[in-house]
Amino acid sequence: MIELQDVSRVYHRGADEIHALEHVSLQIGRGRFAALMGPSGSGKSTLLNILAGLDRPTSGSVRVAGVSLNELSEDELAAFRARHVGFVFQFFNLIPVLDACQNVELPLLLTHLRKAERRERAQTALRVVGLAERGAHRPGELSGGEQQRVAIARAIVTDPEIVVADEPTGDLDARNAVEILGLLRDLCREFQKTVVMVTHDPRGEKFVDEIHQLDKGVLRHSAAQREAAAR
Amino acid sequence: MKFLPLVWRNLARNPLRTALTAGAIGLAIALVCLLLTMPNGLDVLLERAASNTRIVVHNEAGLVYPLPYAYLQKIRSLPGVVGAASWSWYGGVFEVEKGVTFPNFAVEPEPIGTVWADWGIDAKQLEDFRRYRDGAIVGGATLKRQGWKVGDRITLKGTLYPVDLQFRIVAEIPNDRAPFLLFQREYLDQALRAAGRGGLDTLGIVYVRVDDPARVAPVMAQIDTMFKNSEAQTASETEKSYFSSFFSMLSGFVTIILIVTGLVALCIVFIAANTASMSVRERLGEIAVLKALGFKRRLIFTTLVAEAVILSGLGGALGALASLGLTQLLHARASSWNSSLGPLGSFIVTETILVQGLFLALFVGMISGVVPALGAARRSVAETLREVF
Amino acid sequence: MLPLRYALGNLLARRARTALTVSVIALVVVASTLFSGLVSSLKRTFVTSGNPRNLIVMRKGATNDGSSAVPLEAFQALRFFEGVARGPNGEPLASPELVVQPFFHTPGGGRENVLVRGVEPVALTVHDEVEITQGRMLAPSSGEVILGRGVEGRYVGAQLGQTIRFGHGTWKVVGIFEADRSSLESEVWADVRELGDDAKRSVPYSGVRMRVADGADLDALAHRIGDDSRWALEASRETDYYAKQAESANVFYVIAIGLAVLSGIGAAFGATNTLYAAVQSRRAEIGTLRALGFSRLAILVSFLIESLAIALAGFVVGSLVAALLGRLVSWWLGGIAFGSQTFTTNVVQLRVGAVDLAYGLCLSLAIGLLGGLAPASRAARMRPVEALRKA
C-alpha cells in the first residue's frame, strides 16, 4: 500500500539547511496498523506528511495506493488526499463553527454526492465511532475524547484506503487515549484500512502491528510488533 | 518612559497590521483635514479680506437695486469720511463662452487710492489710472489666471449694457483676494451716450472709508438715516458683514461637510479600536506572564493605551501631511486642468487644520485603546495562563 | 467548494470584531451615499424635464438670465417670428421675463438673495414643468406673487395668503408652485411690469423664453434670432442652457469621488486587518482543510465571501442610516441652500435615491473585494504542512 524508496527531505529555515529525513526506505502493507516512533526532531512527522501526500520529498520516490506521488501537481495531490487519505490530528482540528455532523460531512463536499447521501454517510461514520446521537453538537460542546472520535469519523467518511494520525492521543487522558487507539485498530481489522500513526505514547505499542523507529531523520529499526513484544 | 522601547517593539511585532492601521487612520485624517478646509477657508477669507474701516452702502432692497448717483456726494460730506467711491456692475465678458469669470465694475478713479489704501496699489499705476480714460485696474489673481500683464489691451463685451468696451491694463491689485477689474465710470457713461442710450445716472454700491474704526457704527447710522425717507433707502454694513452674507449661502453645504467629517472621525475610532482589540487579544498569554512577573496593572494599561495612541498619532501625522501635499498640488494645478475645477484650488490646509487633525488622531487613539487595555489589565492571571498554556 | 455556512459561521463567531469592521464600512457608505445624494439632488435642480422645444433668448455673451438685458422692441419683434408656437387663442408662446435678485429676510434674521422672475401669464404655458399646487396664478398689475415650493416658509411672510416684503414694496402671496424639483422651485414669480417699475429698470426684460412650433425648425429659428443685426441677442435650447448651468456642480462630483476613494481605501485597510487576523488565528483550520483535500481556490473563495459578506452587511446598515439621516437633515434644515450662478439661493432638497444607493453598493463591494483579496490569497497559499505545524 505504501512504498517509500530512498526518501530524503531537506528544508531551509533562514540560512540553515535542515535534514529532516535521510534516505528512508519503508514499506507498509495493506490493512496494517503501523507506528512511527522516535525522539522529538527525529523526522517522524515529516515522514508522515510525505506518505500522506501533504509534503514532497527532496529526493526519492513515494508510491501510495498504487499512485506515484512524485509527479503529481499541488492540485492533483489535493485531489489524491481527498480520495485516498484520512487525517487525524493531535488537537482534533475540527471546525468550531460547524456541528459534528457537518464536520464529518466536510470531505464529502469534494465528491459529487448529493446532500441526502452525504448526510447518510456522515451519520454512518458517526455511528461507527459511537457518536450517532451527538451529531448536532458543536466541537465546543464535546469532550476531548468525543472530539477526537468525530475527527476519526471525518477521516473515514470518504472510505479512504489510508488513515494517518499525528499524535492522536497526545491531548487525551488515559481512558480516552486507550479508546481512541482501540478505535484506530478496529479500522484496520474491520475495514481493512492502513493506519499509520506517529506517537510518543508507549501505550500505542500494544495496539499496533509494526513499529518504525526514527532518529535524526534516519530509519533505525523496523519491526513487527510481535517481535518487539518478545524483546 | 523606559517602557517606550517595549511599546515600540510591540508595534513592530506585526508590521503589516501596523502599516495597514496607520494607513487607514492616515487616510481618514487626511479626509478630515481636507473637509475642514472649507469652513476654515471661509473664516480666513473673512478675517483677512475685510478691512475694519470700510463700510459698504447698498440699496436696502437688494444689491441689484440701484441708488441715485447724487447720494455719493452727500455721503462724502459726512464727518469722519476719508473717502468714498461708487461701484457699478458692468458685467462684461472676456470670453463669451465662459461668461463672466471675474467681477468688473465702473468706478471713480480719484478716491481709489484712499478708500483702498490697504490694497497697496502702486502709486504710479494709480496715477495712470486717473490719467487714462480707458485704463483698467485688474486683481492679481485674475491677471494670473488670464495670463495678462500691465500694458495689455483687452475688450469686454457688455451683457447688461449694450456696449462693448476696450481697456488698457494700467494697474494691478497686488493680492489674491480681490480678483476684480475696475475701470472709469466716465468711460461707460460716454459709451452709452454715444450709442444713444442716455448716460449712467445711478450707482450700484458705495464703499466708504472712515478715519477711525470707532466711527464705523455712527457713520453707518448717519447714512441710513439720511436716506431713510427717500425713494431709495440704504442699508449700510461693515465690509466683513457684507462678505459673510455671500458665504451664508453655503451654510447648508458646510453643515453637510461637518456631518460627513464627524462620520469619518467615528470611522477612525472603530478602525483603531479594532486593531487594538486584535493585538491585545493575541497577547493575553504574554500579558499574563508579565503580570506574574510583577508588572502592575496600571503599567500594563498605560503601555497598551500608549501603543494605540502612538499608532494613531503616526497615522494621523502622515495623513495630515498628505492632505497638505494634496491641496498644494490642487492649488497649483486645478485651474489649468479644467476651469470648473478652479474652486478646488482655493482649499488650503492651514497650520490650524494640521494641528486639529493631529489632535483628533491622538484623541481617537486614546479612546480606542482604552477598552481593550482595560480588559487586558483586569484579567486574572491564573485564569489566563490556564487558558492559553 | 467550501460550504457558505463555514464563511458565515466564522463571521458570527467573532461577533465584536465583525461588528467593528461592519461599522467602519457602514460609516463610509453613509458618508459617501449622503454626499452622493447631495450632489444628485443639486444636479437635479439644474435639469428639469423642461421642454426640448423651448428656446431661451438672452443678450449675446450672457450666460444666465440674471445678467442679461433684452429691449422691448426686440421682444415685440421676436414674438412674431416664423416658427414661434401659438397658444389656443392664437397668441405667440413667447414669455418675456425679468430676473431680479432682491434681499429676502429669514425668520432668524438672516438675509438671502432670492431670484424673482417677472413674468406674464403666458409663462405658465411656456414653462410647462411649472404647476400651481395651491392657490392660483398671479394676476397682472395686482401686486401679487406666487412662490416656488422651496421658498415657501423660508422667509418672513412666505406663506399662502400672507404678504411678503421685497424690493420697494409689499406683495401678496396668492399661490405656491412646484416645478419638478428644479431650481425654479427656489424662485418667486411676480408681474413683469410691476417688478420692472419696482427695480427701476430702464430695460424691461432680461430674457425671453419661447416655444418652437411643432414641425418648425428650431435651429433655424435660433440662428435667425442670433443673426438679427438690430439687437445683439442669442438663442439657445433651454435643455442646453440648463445642462451648462449644471456644469457648475462638477466640482462637487470631484469632491464626492475623492471622498469615496479616500474613505473607501481606509475602510478596505480596516477590513484587510481584520481578515488577516482571522487567517492567522485559523491557521490550523486552514491547514486541515487543505489536508482534507480542499483546493486553494476553495479557500480563496471562502475567505473572499467572508470579506464580501462583511461589506454587504456594511452596505445594508449604512444605507439605512444614510436614508434616515438624509431625511433628518432635510427636515431639520428645510433644504440645503446653495449659491447659484445668479448669486441667488438655490434650495436643494436632499434625497438619497436609487442611484446613490447603487453607488454605495459598488463602493462597499469594492471595499470587500480589495480588502479581502490579500488575506484570502495568503490563506489560499498557505502550505498545509506549515499551517499544521504546532506553533
# chains A, B, ... in the order shown; residues from 1 in each chain; ligands from 1
>>> select_by_dssp(residues="region 77-202 of chain B", states="strand (DSSP E)", output="number ranges by chain")
B: 81-89, 104-107, 135-139, 153-156, 165-173, 181-184, 202
>>> residues_around(residues="Ala268 (chain C)", least_positions_apart="5", cutoff="7 Å", atoms="only C-alpha atoms", output="PyMOL selection string")
chain C and resi 367-368+370-371
>>> select_by_dssp(residues="region 157-194 of chain A", states="helix (DSSP H, G or I)", output="list in words")
Ala174, Arg175, Asn176, Ala177, Val178, Glu179, Ile180, Leu181, Gly182, Leu183, Leu184, Arg185, Asp186, Leu187, Cys188, Arg189, Glu190 and Phe191 of chain A
>>> residues_around(residues="region 5-21 of chain C", least_positions_apart="3", cutoff="7 Å", atoms="only C-alpha atoms", output="list in words")
Val97 and Leu98 of chain A; Phe270 and Asn274 of chain B; Leu2, Val24, Ile25, Gly270, Ala271, Ser302, Phe303, Ile305 and Glu306 of chain C
>>> atom_distance(atom1="CA of Gln192 (chain A)", atom2="CA of Pro160 (chain A)")
10.1 Å
>>> residues_around(residues="Arg189 (chain A)", least_positions_apart="2", cutoff="12 Å", atoms="only C-alpha atoms", output="PyMOL selection string")
chain A and resi 30-33+182-187+191-195+207-209
>>> write_last_selection(atoms="N, CA and C atoms", output="PDB file, in the first residue's frame")
ATOM      1  N   ARG A  30      -1.055  -3.408   3.185  1.00  0.00           N
ATOM      2  CA  ARG A  30      -2.455  -3.059   3.309  1.00  0.00           C
ATOM      3  C   ARG A  30      -3.057  -3.616   4.588  1.00  0.00           C
ATOM      4  N   GLY A  31      -3.907  -2.854   5.241  1.00  0.00           N
ATOM      5  CA  GLY A  31      -4.574  -3.328   6.436  1.00  0.00           C
ATOM      6  C   GLY A  31      -3.690  -3.391   7.664  1.00  0.00           C
ATOM      7  N   ARG A  32      -2.526  -2.790   7.616  1.00  0.00           N
ATOM      8  CA  ARG A  32      -1.620  -2.842   8.746  1.00  0.00           C
ATOM      9  C   ARG A  32      -1.761  -1.578   9.588  1.00  0.00           C
ATOM     10  N   PHE A  33      -1.517  -1.718  10.877  1.00  0.00           N
ATOM     11  CA  PHE A  33      -1.518  -0.588  11.801  1.00  0.00           C
ATOM     12  C   PHE A  33      -0.056  -0.333  12.155  1.00  0.00           C
ATOM     13  N   GLY A 182      -7.897   1.928  20.374  1.00  0.00           N
ATOM     14  CA  GLY A 182      -8.697   0.757  20.022  1.00  0.00           C
ATOM     15  C   GLY A 182      -9.513   1.012  18.764  1.00  0.00           C
ATOM     16  N   LEU A 183     -10.061   2.201  18.695  1.00  0.00           N
ATOM     17  CA  LEU A 183     -10.864   2.563  17.526  1.00  0.00           C
ATOM     18  C   LEU A 183     -10.013   2.496  16.261  1.00  0.00           C
ATOM     19  N   LEU A 184      -8.802   3.029  16.355  1.00  0.00           N
ATOM     20  CA  LEU A 184      -7.923   3.015  15.192  1.00  0.00           C
ATOM     21  C   LEU A 184      -7.605   1.584  14.770  1.00  0.00           C
ATOM     22  N   ARG A 185      -7.392   0.745  15.777  1.00  0.00           N
ATOM     23  CA  ARG A 185      -7.086  -0.642  15.434  1.00  0.00           C
ATOM     24  C   ARG A 185      -8.279  -1.317  14.765  1.00  0.00           C
ATOM     25  N   ASP A 186      -9.468  -0.972  15.236  1.00  0.00           N
ATOM     26  CA  ASP A 186     -10.664  -1.555  14.623  1.00  0.00           C
ATOM     27  C   ASP A 186     -10.780  -1.168  13.158  1.00  0.00           C
ATOM     28  N   LEU A 187     -10.325   0.052  12.836  1.00  0.00           N
ATOM     29  CA  LEU A 187     -10.397   0.491  11.442  1.00  0.00           C
ATOM     30  C   LEU A 187      -9.602  -0.474  10.552  1.00  0.00           C
ATOM     31  N   PHE A 191     -12.236  -2.739   8.699  1.00  0.00           N
ATOM     32  CA  PHE A 191     -12.441  -2.046   7.425  1.00  0.00           C
ATOM     33  C   PHE A 191     -11.234  -2.126   6.496  1.00  0.00           C
ATOM     34  N   GLN A 192     -10.239  -2.928   6.876  1.00  0.00           N
ATOM     35  CA  GLN A 192      -9.064  -3.126   6.037  1.00  0.00           C
ATOM     36  C   GLN A 192      -8.320  -1.847   5.716  1.00  0.00           C
ATOM     37  N   LYS A 193      -8.371  -0.874   6.604  1.00  0.00           N
ATOM     38  CA  LYS A 193      -7.660   0.368   6.303  1.00  0.00           C
ATOM     39  C   LYS A 193      -6.211   0.261   6.775  1.00  0.00           C
ATOM     40  N   THR A 194      -5.329   0.931   6.089  1.00  0.00           N
ATOM     41  CA  THR A 194      -3.945   1.014   6.520  1.00  0.00           C
ATOM     42  C   THR A 194      -3.823   2.258   7.400  1.00  0.00           C
ATOM     43  N   VAL A 195      -3.448   2.074   8.649  1.00  0.00           N
ATOM     44  CA  VAL A 195      -3.358   3.220   9.560  1.00  0.00           C
ATOM     45  C   VAL A 195      -1.897   3.435   9.936  1.00  0.00           C
ATOM     46  N   PHE A 207      -1.113  -1.802  20.589  1.00  0.00           N
ATOM     47  CA  PHE A 207      -2.207  -1.840  19.617  1.00  0.00           C
ATOM     48  C   PHE A 207      -1.716  -2.048  18.182  1.00  0.00           C
ATOM     49  N   VAL A 208      -0.447  -1.671  17.914  1.00  0.00           N
ATOM     50  CA  VAL A 208      -0.033  -1.627  16.514  1.00  0.00           C
ATOM     51  C   VAL A 208       0.541  -2.967  16.044  1.00  0.00           C
ATOM     52  N   ASP A 209       0.611  -3.107  14.715  1.00  0.00           N
ATOM     53  CA  ASP A 209       1.184  -4.310  14.116  1.00  0.00           C
ATOM     54  C   ASP A 209       2.682  -4.182  13.911  1.00  0.00           C
TER      55      ASP A 209
END
>>> residues_around(residues="Val355 (chain C)", least_positions_apart="3", cutoff="10 Å", atoms="only C-alpha atoms", output="count of residues only")
9
>>> interface_residues(of="chain B", to="chain C", cutoff="6 Å", atoms="only C-alpha atoms", output="list in words")
Arg17, Leu20, Ala24, Leu27, Ala61, Gly62, Tyr65, Val96, Gly99, Thr159, Leu160, Met249, Leu250, Gly252, Val260, Cys267, Phe270, Ile271 and Leu341 of chain B
>>> write_last_selection(atoms="C-alpha atoms", output="JSON list (two decimals), in the first residue's frame")
[["chain", "number", "residue", "atom", "x", "y", "z"],
["B", 17, "ARG", "CA", -1.07, 45.29, 10.64],
["B", 20, "LEU", "CA", -2.50, 48.99, 7.46],
["B", 24, "ALA", "CA", -6.32, 53.63, 7.33],
["B", 27, "LEU", "CA", -6.41, 58.34, 5.05],
["B", 61, "ALA", "CA", -33.91, 96.16, -1.28],
["B", 62, "GLY", "CA", -31.04, 94.27, -2.80],
["B", 65, "TYR", "CA", -31.26, 97.71, -7.00],
["B", 96, "VAL", "CA", -18.18, 84.76, -24.43],
["B", 99, "GLY", "CA", -19.40, 84.03, -19.23],
["B", 159, "THR", "CA", -24.21, 91.79, -21.22],
["B", 160, "LEU", "CA", -26.33, 94.18, -19.21],
["B", 249, "MET", "CA", -25.48, 80.84, 1.21],
["B", 250, "LEU", "CA", -23.08, 78.00, 1.75],
["B", 252, "GLY", "CA", -26.23, 74.27, 4.43],
["B", 260, "VAL", "CA", -19.52, 63.85, 6.97],
["B", 267, "CYS", "CA", -14.76, 55.58, 11.45],
["B", 270, "PHE", "CA", -13.63, 51.97, 15.05],
["B", 271, "ILE", "CA", -10.60, 51.16, 12.91],
["B", 341, "LEU", "CA", -12.49, 72.73, -11.04]]
>>> interface_residues(of="chain C", to="chain A", cutoff="10 Å", atoms="only C-alpha atoms", output="ChimeraX atom specification")
/C:1-3,5-13,282,284-297,383-386,388-390
>>> write_last_selection(atoms="N, CA and C atoms", output="JSON list (two decimals), in the first residue's frame")
[["chain", "number", "residue", "atom", "x", "y", "z"],
["C", 1, "MET", "N", -16.23, 23.01, -3.30],
["C", 1, "MET", "CA", -16.22, 24.33, -2.66],
["C", 1, "MET", "C", -16.65, 24.21, -1.21],
["C", 2, "LEU", "N", -16.12, 25.12, -0.41],
["C", 2, "LEU", "CA", -16.46, 25.11, 1.00],
["C", 2, "LEU", "C", -17.88, 25.61, 1.20],
["C", 3, "PRO", "N", -18.58, 25.05, 2.19],
["C", 3, "PRO", "CA", -19.96, 25.49, 2.40],
["C", 3, "PRO", "C", -20.03, 26.93, 2.86],
["C", 5, "ARG", "N", -21.88, 28.09, 4.99],
["C", 5, "ARG", "CA", -22.01, 28.05, 6.43],
["C", 5, "ARG", "C", -20.67, 28.29, 7.11],
["C", 6, "TYR", "N", -19.60, 27.82, 6.47],
["C", 6, "TYR", "CA", -18.27, 27.98, 7.04],
["C", 6, "TYR", "C", -17.89, 29.45, 7.10],
["C", 7, "ALA", "N", -18.06, 30.11, 5.97],
["C", 7, "ALA", "CA", -17.69, 31.53, 5.91],
["C", 7, "ALA", "C", -18.56, 32.34, 6.87],
["C", 8, "LEU", "N", -19.86, 32.15, 6.78],
["C", 8, "LEU", "CA", -20.77, 32.95, 7.60],
["C", 8, "LEU", "C", -20.64, 32.59, 9.07],
["C", 9, "GLY", "N", -20.47, 31.29, 9.35],
["C", 9, "GLY", "CA", -20.32, 30.86, 10.74],
["C", 9, "GLY", "C", -19.14, 31.54, 11.41],
["C", 10, "ASN", "N", -18.05, 31.66, 10.65],
["C", 10, "ASN", "CA", -16.87, 32.31, 11.22],
["C", 10, "ASN", "C", -17.10, 33.78, 11.50],
["C", 11, "LEU", "N", -17.89, 34.41, 10.65],
["C", 11, "LEU", "CA", -18.20, 35.82, 10.88],
["C", 11, "LEU", "C", -18.97, 35.98, 12.17],
["C", 12, "LEU", "N", -19.94, 35.09, 12.39],
["C", 12, "LEU", "CA", -20.77, 35.21, 13.58],
["C", 12, "LEU", "C", -20.01, 34.85, 14.84],
["C", 13, "ALA", "N", -19.01, 33.98, 14.69],
["C", 13, "ALA", "CA", -18.27, 33.56, 15.87],
["C", 13, "ALA", "C", -17.50, 34.71, 16.47],
["C", 282, "ARG", "N", -6.74, 31.17, 12.34],
["C", 282, "ARG", "CA", -7.31, 29.91, 11.86],
["C", 282, "ARG", "C", -6.33, 29.11, 11.03],
["C", 284, "ALA", "N", -4.43, 26.56, 11.71],
["C", 284, "ALA", "CA", -4.56, 25.10, 11.82],
["C", 284, "ALA", "C", -5.77, 24.62, 11.02],
["C", 285, "GLU", "N", -6.83, 25.41, 11.13],
["C", 285, "GLU", "CA", -8.05, 25.07, 10.41],
["C", 285, "GLU", "C", -7.81, 25.03, 8.91],
["C", 286, "ILE", "N", -7.12, 26.07, 8.44],
["C", 286, "ILE", "CA", -6.86, 26.15, 7.01],
["C", 286, "ILE", "C", -5.99, 24.98, 6.58],
["C", 287, "GLY", "N", -4.98, 24.69, 7.39],
["C", 287, "GLY", "CA", -4.12, 23.56, 7.08],
["C", 287, "GLY", "C", -4.92, 22.26, 7.01],
["C", 288, "THR", "N", -5.85, 22.11, 7.97],
["C", 288, "THR", "CA", -6.69, 20.91, 7.98],
["C", 288, "THR", "C", -7.51, 20.81, 6.71],
["C", 289, "LEU", "N", -8.14, 21.94, 6.33],
["C", 289, "LEU", "CA", -8.97, 21.91, 5.13],
["C", 289, "LEU", "C", -8.13, 21.53, 3.92],
["C", 290, "ARG", "N", -6.92, 22.07, 3.85],
["C", 290, "ARG", "CA", -6.04, 21.75, 2.72],
["C", 290, "ARG", "C", -5.65, 20.28, 2.78],
["C", 291, "ALA", "N", -5.39, 19.80, 4.02],
["C", 291, "ALA", "CA", -5.04, 18.39, 4.17],
["C", 291, "ALA", "C", -6.19, 17.51, 3.69],
["C", 292, "LEU", "N", -7.38, 17.92, 4.04],
["C", 292, "LEU", "CA", -8.54, 17.13, 3.65],
["C", 292, "LEU", "C", -8.73, 17.12, 2.14],
["C", 293, "GLY", "N", -8.09, 18.04, 1.47],
["C", 293, "GLY", "CA", -8.16, 18.00, 0.02],
["C", 293, "GLY", "C", -8.85, 19.18, -0.62],
["C", 294, "PHE", "N", -9.25, 20.18, 0.17],
["C", 294, "PHE", "CA", -9.88, 21.34, -0.45],
["C", 294, "PHE", "C", -8.81, 22.15, -1.18],
["C", 295, "SER", "N", -9.19, 22.60, -2.39],
["C", 295, "SER", "CA", -8.20, 23.28, -3.23],
["C", 295, "SER", "C", -7.94, 24.69, -2.74],
["C", 296, "ARG", "N", -6.87, 25.26, -3.27],
["C", 296, "ARG", "CA", -6.53, 26.64, -2.91],
["C", 296, "ARG", "C", -7.65, 27.59, -3.32],
["C", 297, "LEU", "N", -8.24, 27.32, -4.46],
["C", 297, "LEU", "CA", -9.31, 28.18, -4.94],
["C", 297, "LEU", "C", -10.48, 28.18, -3.96],
["C", 383, "ARG", "N", 0.92, 26.68, 2.96],
["C", 383, "ARG", "CA", 1.26, 25.29, 2.70],
["C", 383, "ARG", "C", 0.77, 24.47, 3.89],
["C", 384, "PRO", "N", 0.05, 23.43, 3.60],
["C", 384, "PRO", "CA", -0.61, 22.68, 4.68],
["C", 384, "PRO", "C", 0.35, 22.26, 5.79],
["C", 385, "VAL", "N", 1.52, 21.82, 5.39],
["C", 385, "VAL", "CA", 2.48, 21.36, 6.40],
["C", 385, "VAL", "C", 2.82, 22.47, 7.37],
["C", 386, "GLU", "N", 3.08, 23.67, 6.83],
["C", 386, "GLU", "CA", 3.45, 24.77, 7.71],
["C", 386, "GLU", "C", 2.27, 25.22, 8.55],
["C", 388, "LEU", "N", -0.11, 23.43, 9.65],
["C", 388, "LEU", "CA", -0.42, 22.47, 10.69],
["C", 388, "LEU", "C", 0.68, 22.36, 11.73],
["C", 389, "ARG", "N", 1.82, 22.96, 11.41],
["C", 389, "ARG", "CA", 2.95, 22.84, 12.32],
["C", 389, "ARG", "C", 2.57, 23.40, 13.68],
["C", 390, "LYS", "N", 2.83, 22.63, 14.73],
["C", 390, "LYS", "CA", 2.47, 23.10, 16.06],
["C", 390, "LYS", "C", 3.35, 24.28, 16.40]]
>>> atom_distance(atom1="CA of Gly313 (chain B)", atom2="CA of Leu358 (chain B)")
6.6 Å
